[in-house]
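J.: As input, take input_9.txt (compact mmCIF, C-alpha atoms):
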```txt
# COMPACT_ATOMS: atom_id res chain seq x y z
CA MET A 1 115.28 97.05 86.66
CA VAL A 2 117.27 99.41 84.48
CA GLY A 3 120.82 99.76 85.78
CA CYS A 4 121.72 103.41 85.22
CA THR A 5 125.19 103.01 86.71
CA LYS A 6 125.88 99.84 84.74
CA LEU A 7 124.76 101.33 81.43
CA LEU A 8 126.02 104.90 81.79
CA CYS A 9 129.33 104.17 83.50
CA GLY A 10 130.23 100.88 81.84
CA THR A 11 130.28 98.86 85.06
CA ALA A 12 128.61 95.95 83.21
CA THR A 13 130.06 94.71 79.94
CA VAL A 14 128.64 92.59 77.15
CA SER A 15 131.41 90.03 77.54
CA GLU A 16 130.57 89.57 81.23
CA ALA A 17 126.85 89.43 80.50
CA ILE A 18 127.29 86.90 77.67
CA LYS A 19 129.14 84.56 80.03
CA LEU A 20 126.19 84.63 82.40
CA HIS A 21 123.31 85.01 79.94
CA GLY A 22 122.63 81.31 79.56
CA ALA A 23 124.24 80.18 82.79
CA LYS A 24 122.32 77.55 84.72
CA GLY A 25 124.24 77.85 87.97
CA ASN A 26 124.38 80.66 90.50
CA ILE A 27 124.44 84.07 88.85
CA PRO A 28 125.84 87.09 90.73
CA HIS A 29 122.89 89.13 91.96
CA HIS A 30 124.15 92.31 90.30
CA MET A 31 123.97 90.57 86.90
CA LEU A 32 120.59 88.85 87.24
CA GLN A 33 118.96 91.40 84.95
CA PHE A 34 120.99 90.00 82.03
CA SER A 35 120.19 86.33 82.67
CA ALA A 36 118.17 84.34 80.12
CA VAL A 37 117.19 81.62 82.58
CA ASN A 38 113.46 81.51 83.38
CA ARG A 39 113.95 81.08 87.11
CA PRO A 40 112.29 84.12 88.59
CA LEU A 41 113.19 86.42 91.39
CA VAL A 42 110.20 85.90 93.68
CA VAL A 43 108.61 88.67 95.72
CA TRP A 44 106.69 87.17 98.63
CA ASN A 45 104.28 89.45 100.43
CA THR A 46 104.74 87.78 103.79
CA THR A 47 101.78 89.58 105.36
CA ASN A 48 99.14 92.10 104.40
CA ARG A 49 99.50 93.80 107.77
CA CYS A 50 101.41 97.08 107.97
CA ASN A 51 102.05 99.63 110.69
CA LEU A 52 101.68 102.44 108.13
CA ARG A 53 98.98 103.30 105.60
CA CYS A 54 100.88 104.50 102.56
CA ARG A 55 99.01 106.42 99.89
CA HIS A 56 100.49 104.41 97.01
CA CYS A 57 100.34 100.89 98.51
CA TYR A 58 99.51 98.32 95.82
CA LEU A 59 98.21 95.87 98.49
CA GLN A 60 96.12 98.49 100.32
CA ALA A 61 97.68 97.19 103.53
CA GLU A 62 96.48 98.29 106.98
CA ASP A 63 97.33 97.57 110.61
CA VAL A 64 94.74 94.82 111.09
CA ASP A 65 94.82 91.03 111.22
CA TYR A 66 94.21 89.35 107.86
CA LYS A 67 92.85 85.84 107.40
CA ASP A 68 94.26 82.84 105.51
CA GLU A 69 97.86 84.08 105.19
CA LEU A 70 100.45 81.34 104.65
CA THR A 71 101.20 79.42 107.83
CA HIS A 72 104.74 78.76 108.95
CA GLU A 73 104.61 75.22 107.56
CA GLU A 74 103.12 76.37 104.24
CA ALA A 75 105.84 79.01 103.96
CA LEU A 76 108.56 76.42 104.59
CA ALA A 77 107.10 74.19 101.87
CA MET A 78 107.09 77.11 99.43
CA ILE A 79 110.71 77.92 100.28
CA ASP A 80 111.67 74.27 99.69
CA ASP A 81 110.05 74.39 96.27
CA LEU A 82 111.73 77.68 95.33
CA ALA A 83 115.09 76.28 96.44
CA GLU A 84 114.62 73.16 94.31
CA MET A 85 113.61 75.43 91.44
CA LYS A 86 116.84 77.40 92.08
CA ALA A 87 115.07 80.76 92.21
CA PRO A 88 117.92 83.27 92.50
CA VAL A 89 116.31 85.60 95.05
CA LEU A 90 113.45 85.49 97.55
CA LEU A 91 112.38 89.01 98.47
CA PHE A 92 110.48 89.22 101.77
CA SER A 93 107.99 92.06 101.41
CA GLY A 94 104.62 93.08 102.87
CA GLY A 95 102.61 94.89 104.08
CA GLU A 96 105.42 95.26 106.54
CA PRO A 97 107.38 92.00 106.75
CA MET A 98 108.88 92.92 110.15
CA LEU A 99 105.40 92.36 111.60
CA ARG A 100 105.45 88.66 110.72
CA PRO A 101 106.41 86.83 113.96
CA ASP A 102 108.36 84.02 112.27
CA LEU A 103 110.20 86.26 109.78
CA MET A 104 113.69 85.56 111.13
CA GLU A 105 113.12 81.79 111.07
CA LEU A 106 111.90 81.94 107.48
CA ILE A 107 114.82 84.09 106.35
CA ARG A 108 117.25 81.68 108.02
CA TYR A 109 115.59 78.69 106.37
CA ALA A 110 115.68 80.36 102.94
CA ALA A 111 119.39 81.10 103.35
CA GLU A 112 120.09 77.54 104.49
CA ARG A 113 118.29 76.22 101.41
CA GLY A 114 120.56 78.27 99.14
CA LEU A 115 118.23 81.14 98.27
CA ARG A 116 119.39 84.76 98.48
CA PRO A 117 117.01 86.37 100.99
CA VAL A 118 116.48 90.12 100.77
CA LEU A 119 114.06 92.41 102.59
CA SER A 120 111.78 95.23 101.43
CA THR A 121 110.59 97.31 104.39
CA ASN A 122 109.45 100.74 105.49
CA GLY A 123 112.35 100.64 107.95
CA THR A 124 110.45 101.99 110.93
CA LEU A 125 110.65 98.76 112.94
CA ILE A 126 114.34 97.99 112.44
CA THR A 127 116.08 98.52 115.77
CA ASP A 128 119.70 97.58 116.48
CA GLU A 129 118.46 94.32 118.01
CA LYS A 130 116.28 93.50 114.99
CA ALA A 131 119.07 94.41 112.57
CA ILE A 132 121.45 92.01 114.31
CA GLN A 133 118.78 89.29 114.11
CA LEU A 134 118.35 89.97 110.39
CA LYS A 135 122.10 89.73 109.86
CA GLU A 136 122.38 86.51 111.85
CA SER A 137 119.41 85.04 109.96
CA GLY A 138 121.24 85.50 106.68
CA ILE A 139 119.57 88.51 105.07
CA GLN A 140 121.70 89.76 102.18
CA TYR A 141 120.17 93.15 101.47
CA VAL A 142 117.63 95.51 103.01
CA GLY A 143 115.72 97.98 100.84
CA VAL A 144 114.07 100.81 102.78
CA SER A 145 111.36 102.97 101.24
CA ILE A 146 112.06 106.71 101.36
CA ASP A 147 109.54 108.70 99.35
CA GLY A 148 110.86 112.21 99.66
CA ALA A 149 112.23 114.76 102.08
CA PRO A 150 110.95 114.38 105.68
CA LYS A 151 107.63 116.21 105.29
CA THR A 152 106.88 114.62 101.93
CA HIS A 153 107.74 111.14 103.17
CA ASP A 154 105.61 111.52 106.29
CA TYR A 155 102.70 112.67 104.12
CA PHE A 156 102.96 109.60 101.89
CA ARG A 157 103.37 107.24 104.82
CA ALA A 158 100.46 108.93 106.66
CA LYS A 159 102.50 109.15 109.86
CA GLU A 160 104.44 112.02 111.38
CA GLY A 161 107.97 110.92 112.19
CA ALA A 162 108.01 108.05 109.67
CA PHE A 163 111.00 109.56 107.85
CA ALA A 164 113.09 109.80 111.02
CA GLN A 165 112.16 106.22 111.93
CA ALA A 166 113.10 104.97 108.46
CA ILE A 167 116.50 106.69 108.60
CA SER A 168 117.02 105.19 112.06
CA GLY A 169 116.24 101.78 110.58
CA ILE A 170 118.80 102.35 107.82
CA HIS A 171 121.44 103.29 110.41
CA ALA A 172 120.68 100.16 112.47
CA SER A 173 120.90 97.96 109.40
CA GLN A 174 124.21 99.53 108.37
CA ARG A 175 125.65 99.13 111.88
CA ALA A 176 124.78 95.43 111.70
CA GLY A 177 126.82 95.15 108.51
CA ILE A 178 123.91 94.65 106.11
CA LYS A 179 124.03 96.25 102.67
CA THR A 180 121.14 98.72 102.75
CA GLY A 181 119.56 100.75 99.97
CA VAL A 182 116.77 103.22 99.34
CA ARG A 183 113.61 102.69 97.29
CA PHE A 184 111.89 105.86 96.02
CA THR A 185 108.54 105.91 94.20
CA LEU A 186 108.49 108.89 91.83
CA ASN A 187 105.39 111.06 91.44
CA SER A 188 104.42 114.71 91.12
CA PHE A 189 104.37 115.22 94.91
CA ASN A 190 107.99 114.20 95.51
CA GLU A 191 109.94 114.68 92.27
CA ARG A 192 111.26 118.06 93.45
CA ASP A 193 112.79 116.29 96.46
CA LEU A 194 115.20 114.23 94.33
CA PRO A 195 118.22 116.54 94.93
CA GLU A 196 117.70 116.24 98.67
CA ILE A 197 117.37 112.46 98.35
CA PHE A 198 120.71 112.27 96.52
CA ASP A 199 122.27 114.42 99.25
CA ILE A 200 120.95 111.94 101.83
CA LEU A 201 122.39 109.00 99.87
CA VAL A 202 125.84 110.58 99.90
CA LYS A 203 125.67 111.78 103.51
CA GLU A 204 124.48 108.42 104.85
CA LYS A 205 126.82 106.41 102.60
CA ILE A 206 123.92 104.43 101.16
CA PRO A 207 125.28 102.22 98.34
CA ARG A 208 122.12 101.62 96.31
CA PHE A 209 119.23 103.78 95.10
CA CYS A 210 116.29 102.49 93.08
CA MET A 211 113.78 104.94 91.64
CA TYR A 212 110.41 103.27 91.13
CA HIS A 213 107.91 104.64 88.65
CA LEU A 214 104.28 104.82 89.71
CA VAL A 215 102.23 101.71 88.89
CA TYR A 216 98.50 102.30 88.95
CA ALA A 217 97.50 99.47 91.29
CA GLY A 218 95.91 99.33 94.74
CA ARG A 219 95.70 102.78 96.32
CA ALA A 220 98.01 104.08 93.60
CA GLU A 221 95.29 103.46 91.00
CA ASP A 222 93.79 106.74 92.17
CA MET A 223 97.17 108.46 91.71
CA ALA A 224 97.43 108.06 87.94
CA GLY A 225 96.79 111.79 87.61
CA GLN A 226 99.77 112.48 89.86
CA ASP A 227 102.22 110.76 87.51
CA LEU A 228 104.71 113.05 85.79
CA SER A 229 104.11 114.55 82.37
CA PRO A 230 106.33 113.24 79.56
CA GLU A 231 108.24 116.52 79.49
CA ARG A 232 108.91 116.50 83.22
CA MET A 233 109.83 112.81 83.16
CA ARG A 234 112.49 113.54 80.57
CA GLU A 235 113.90 116.27 82.79
CA VAL A 236 113.98 113.90 85.75
CA MET A 237 115.76 111.21 83.72
CA ALA A 238 118.33 113.75 82.54
CA TYR A 239 118.92 114.75 86.16
CA VAL A 240 119.26 111.12 87.30
CA ALA A 241 121.66 110.37 84.43
CA ASP A 242 123.82 113.39 85.23
CA LYS A 243 123.89 112.54 88.95
CA THR A 244 124.78 108.92 88.18
CA ILE A 245 127.80 109.97 86.13
CA GLU A 246 128.78 112.73 88.57
CA LEU A 247 128.77 110.40 91.59
CA HIS A 248 130.64 107.68 89.71
CA ASP A 249 133.30 110.14 88.53
CA LYS A 250 133.74 111.37 92.11
CA GLY A 251 134.28 107.82 93.31
CA VAL A 252 131.08 107.77 95.37
CA GLU A 253 129.99 104.16 95.56
CA ILE A 254 126.26 104.31 94.85
CA GLU A 255 124.52 102.08 92.34
CA ILE A 256 121.60 103.92 90.67
CA LEU A 257 118.71 101.97 89.15
CA THR A 258 115.18 102.61 87.98
CA THR A 259 112.29 100.20 87.72
CA ASP A 260 108.69 99.84 86.51
CA ASN A 261 109.21 101.87 83.35
CA HIS A 262 111.55 100.25 80.85
CA ALA A 263 111.28 103.25 78.57
CA ASP A 264 114.10 104.42 80.84
CA GLY A 265 116.39 101.91 79.13
CA ILE A 266 115.53 103.24 75.68
CA TRP A 267 115.94 106.82 76.89
CA LEU A 268 119.39 105.94 78.27
CA TYR A 269 120.32 104.22 74.99
CA ASN A 270 119.47 107.39 73.05
CA TYR A 271 121.31 109.49 75.63
CA ILE A 272 124.41 107.32 75.26
CA LYS A 273 124.19 107.47 71.45
CA GLU A 274 124.67 111.23 71.79
CA THR A 275 127.19 111.34 74.65
CA GLN A 276 129.14 108.06 74.31
CA PRO A 277 128.42 106.83 70.76
CA GLU A 278 131.25 104.29 70.95
CA ARG A 279 129.31 102.45 73.70
CA ALA A 280 125.83 102.62 72.16
CA GLU A 281 125.87 99.16 70.56
CA GLU A 282 127.08 97.54 73.76
CA VAL A 283 124.29 99.21 75.75
CA LYS A 284 121.71 98.06 73.22
CA GLN A 285 122.97 94.47 73.54
CA LEU A 286 122.77 94.68 77.34
CA LEU A 287 119.19 95.98 77.13
CA GLY A 288 118.39 93.09 74.80
CA MET A 289 119.70 90.57 77.32
CA HIS A 290 117.62 92.26 80.00
CA GLY A 291 114.51 92.06 77.83
CA GLY A 292 112.37 94.81 79.30
CA CYS A 293 109.46 94.17 81.68
CA SER A 294 110.12 90.94 83.59
CA ALA A 295 106.58 90.26 84.86
CA GLY A 296 105.81 86.59 84.32
CA THR A 297 109.32 85.79 83.11
CA LYS A 298 112.23 86.71 85.40
CA PHE A 299 109.91 88.04 88.07
CA GLY A 300 107.00 86.51 90.01
CA ASN A 301 104.93 87.19 93.10
CA VAL A 302 103.30 85.23 95.90
CA ASP A 303 100.79 87.22 97.93
CA PRO A 304 100.12 86.77 101.68
CA GLN A 305 97.44 84.14 101.05
CA GLY A 306 99.68 82.14 98.71
CA ASN A 307 98.22 83.28 95.39
CA VAL A 308 100.74 83.48 92.55
CA HIS A 309 100.77 86.56 90.29
CA PRO A 310 102.95 87.64 87.32
CA CYS A 311 104.27 90.48 89.51
CA GLN A 312 103.37 92.10 92.82
CA PHE A 313 101.27 94.81 91.16
CA TRP A 314 99.14 92.26 89.27
CA GLN A 315 96.87 91.31 92.16
CA ASP A 316 93.75 90.99 89.99
CA TYR A 317 95.13 87.97 88.11
CA THR A 318 95.97 84.72 89.87
CA VAL A 319 97.87 81.84 88.30
CA GLY A 320 97.10 79.49 91.22
CA ASN A 321 97.87 79.04 94.90
CA VAL A 322 100.96 77.48 96.46
CA LYS A 323 98.78 75.88 99.15
CA ASP A 324 97.40 73.62 96.43
CA THR A 325 100.12 73.52 93.76
CA PRO A 326 103.87 74.21 94.05
CA PHE A 327 105.02 77.55 92.68
CA SER A 328 107.39 75.80 90.26
CA LYS A 329 104.56 73.79 88.72
CA LEU A 330 102.35 76.85 88.36
CA TRP A 331 105.21 78.92 86.90
CA ASN A 332 106.18 76.29 84.36
CA GLY A 333 102.62 75.26 83.52
CA ASP A 334 100.25 76.34 80.79
CA ASP A 335 98.73 79.49 82.27
CA PRO A 336 97.55 81.58 79.28
CA LEU A 337 98.68 84.97 80.59
CA LEU A 338 102.17 83.72 81.48
CA ILE A 339 102.47 82.27 77.98
CA GLU A 340 101.48 85.62 76.45
CA LEU A 341 103.87 87.56 78.70
CA ARG A 342 106.73 85.36 77.49
CA GLU A 343 106.03 86.37 73.91
CA LYS A 344 104.70 89.83 74.68
CA GLU A 345 105.99 91.56 71.53
CA LYS A 346 103.37 89.60 69.53
CA HIS A 347 100.48 91.11 71.48
CA LEU A 348 101.43 94.76 71.96
CA LYS A 349 99.17 97.41 70.44
CA GLY A 350 99.27 101.11 69.69
CA GLN A 351 102.46 103.00 70.34
CA CYS A 352 104.04 100.02 72.10
CA GLY A 353 103.24 97.72 69.19
CA GLU A 354 104.78 100.13 66.70
CA CYS A 355 107.90 100.90 68.76
CA SER A 356 111.18 99.69 67.25
CA TYR A 357 112.41 98.82 70.72
CA ASN A 358 109.41 96.98 72.15
CA ASN A 359 111.53 93.85 72.59
CA LEU A 360 113.74 95.89 74.94
CA CYS A 361 110.86 97.43 76.89
CA ALA A 362 107.23 96.29 76.23
CA GLY A 363 105.85 98.94 78.58
CA CYS A 364 103.82 98.30 81.74
CA ARG A 365 100.78 96.13 81.08
CA ILE A 366 99.16 97.09 84.39
CA ARG A 367 99.21 100.82 83.61
CA ALA A 368 97.86 100.04 80.14
CA LYS A 369 94.93 98.12 81.59
CA ALA A 370 94.24 100.75 84.26
CA ILE A 371 93.99 103.59 81.72
CA HIS A 372 92.88 101.90 78.49
CA GLY A 373 91.05 98.82 79.80
CA ASP A 374 93.30 96.66 77.61
CA LEU A 375 96.44 95.14 79.07
CA TRP A 376 98.11 95.03 75.63
CA ALA A 377 97.45 98.69 74.84
CA GLU A 378 100.25 101.26 74.90
CA ASP A 379 101.77 102.23 78.22
CA PRO A 380 100.32 105.66 79.15
CA ALA A 381 103.53 106.49 81.06
CA CYS A 382 105.83 106.22 78.03
CA TYR A 383 107.59 109.55 77.64
CA LEU A 384 109.75 108.79 74.59
CA THR A 385 109.48 110.94 71.49
CA SER A 386 108.52 109.35 68.16
CA GLN A 387 112.15 109.77 67.04
CA GLU A 388 113.45 107.95 70.12
CA ARG A 389 111.03 105.09 69.51
CA THR A 390 112.28 104.61 65.94
CA GLU A 391 115.52 102.87 65.15
```
Represent the supplied structure as structure tokens.

T.:
Amino acid sequence: MVGCTKLLCGTATVSEAIKLHGAKGNIPHHMLQFSAVNRPLVVWNTTNRCNLRCRHCYLQAEDVDYKDELTHEEALAMIDDLAEMKAPVLLFSGGEPMLRPDLMELIRYAAERGLRPVLSTNGTLITDEKAIQLKESGIQYVGVSIDGAPKTHDYFRAKEGAFAQAISGIHASQRAGIKTGVRFTLNSFNERDLPEIFDILVKEKIPRFCMYHLVYAGRAEDMAGQDLSPERMREVMAYVADKTIELHDKGVEIEILTTDNHADGIWLYNYIKETQPERAEEVKQLLGMHGGCSAGTKFGNVDPQGNVHPCQFWQDYTVGNVKDTPFSKLWNGDDPLLIELREKEKHLKGQCGECSYNNLCAGCRIRAKAIHGDLWAEDPACYLTSQERTE
């Protein structure tokens, strides 16, 4: 993730990041992006089942029963292994994780084992009762997907009323005392809704907003043509940067982040060179500690059947299965793709290979493969100018 608020408003400093960069103990969650420790945040797709059928779902989830998903006992064993590995975060995702019957028990167990459990959900199934159960189970954060103004969101979620249900879920989570944020996947259908989304964030006192870039995987593979043009992406980033600074200066407590396109970090660095030149070197150092795309390094995925992937969008490559081999052993083993991802600058080609900042970004390998057929080719969603890519 690229922390817009941290970088633009100076809420993270190099001195603080240096103290934590090589730390082996517990690292505050808001500083995990600057950690050098190869203990990944793990996204676990708890189930493939979902009550919605979203147009950009990377798992192509539907409201049907799926076979061979991790049993309760297998899930407990995986959680034990992640706890012993000292993974900093276990993100319960889906499908729709609220449809998994033993979700609360698994969250509670993860919290008891010292993991930081967080939830990624469409929000439609979070009632006051469920929110209290989540709080009592030990959930630390709930991220709810909102993909535009009401009509736009309902279109993407393929269900009328999905927006209202998601907002209701946010309210329930907030009433239960759970920190709750919004996840927004940017594309050409919803980018004009961003001002309304920011208004909603302020109105609803939502403290965290993460703008996801489109990754061409699952159903979203057919949406590559709906990604923004480089020119429009630059306009959107300028808007997000201005709103981040505006809200911070007004004392509105909202943390703004982007993810799945680390060109954002380089864009912000160039923006800060022009607007806050005295902070440019510090920002560059922070981006260096972050290290760009975290797939296979600080970030891993376990799918509903227990298969391990470099990230949740990389469903066509499996490292192994936790039913047979512990996650920690797979993660620290000799898988060839994981080895390459941990030295990715050596393998990049085209524009990404030539970029002066590829060690701070490295592009999205999944988009590269989807468009060019070569996972080490240049990221087709890079919107930086040649001047911005040259130091």

J.: In Å, how far is it from atom CA of A:Leu7 to atom CA of A:Thr180?

T.: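 One can read the atom CA of A:Leu7 to atom CA of A:Thr180 distance as 21.8 Å.
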
J.: Just give me the gap between atom CA of A:Leu286 and atom CA of A:Tyr357 in Å, one decimal is fine.

T.: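 According to the coordinates, atom CA of A:Leu286 and atom CA of A:Tyr357 are separated by 13.0 Å.
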
J.: I want to know what sits within 9 Å of stretch 268-280 of chain A, based on all atoms listed in the file, with residues of the same chain fewer than 5 positions away left out; could you give that as an mmCIF file with C-alpha atoms, in the frame of the given file?

T.:
```cif
data_model
loop_
_atom_site.group_PDB
_atom_site.id
_atom_site.type_symbol
_atom_site.label_atom_id
_atom_site.label_comp_id
_atom_site.auth_asym_id
_atom_site.auth_seq_id
_atom_site.Cartn_x
_atom_site.Cartn_y
_atom_site.Cartn_z
ATOM 1 C CA CYS A 4 121.720 103.410 85.220
ATOM 2 C CA LEU A 7 124.760 101.330 81.430
ATOM 3 C CA LEU A 8 126.020 104.900 81.790
ATOM 4 C CA GLY A 10 130.230 100.880 81.840
ATOM 5 C CA MET A 237 115.760 111.210 83.720
ATOM 6 C CA ALA A 238 118.330 113.750 82.540
ATOM 7 C CA ALA A 241 121.660 110.370 84.430
ATOM 8 C CA ALA A 263 111.280 103.250 78.570
ATOM 9 C CA GLN A 285 122.970 94.470 73.540
ATOM 10 C CA LEU A 287 119.190 95.980 77.130
ATOM 11 C CA GLU A 388 113.450 107.950 70.120
#
```

J.: Which residue, A:Gly143, A:Gly296, A:Pro230, A:Gly350, has the smallest gap to A:Pro207 when you use all atoms listed in the file?

T.: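 For A:Pro207, the nearest of the candidates is A:Gly143.
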
J.: Give me, as a list in words, all polymer residues having an atom no more than 12 Å from A:Tyr155, counting only C-alpha atoms and skipping those fewer than 3 positions away in the same chain.

T.: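 Skipping anything fewer than 3 positions along the chain leaves Leu52, Arg53, Cys54, Arg55, His56, Ile146, Asp147, Gly148, Ala149, Pro150, Lys151, Thr152, Ala158, Lys159, Glu160, Gly161, Ala162, Phe163, Phe189 and Asn190 of chain A.
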
J.: Please list as an MDAnalysis selection string every residue within 6 Å of A:Gln60, counting all atoms listed in the file and excluding residues in the same chain fewer than 3 positions away.

T.: chainID A and resid 57 218:219

J.: Could you tell me how far atom CA of A:Arg116 lies from atom CA of A:Val142, in Å and to one decimal?

T.: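 These atoms are spaced 11.8 Å apart.
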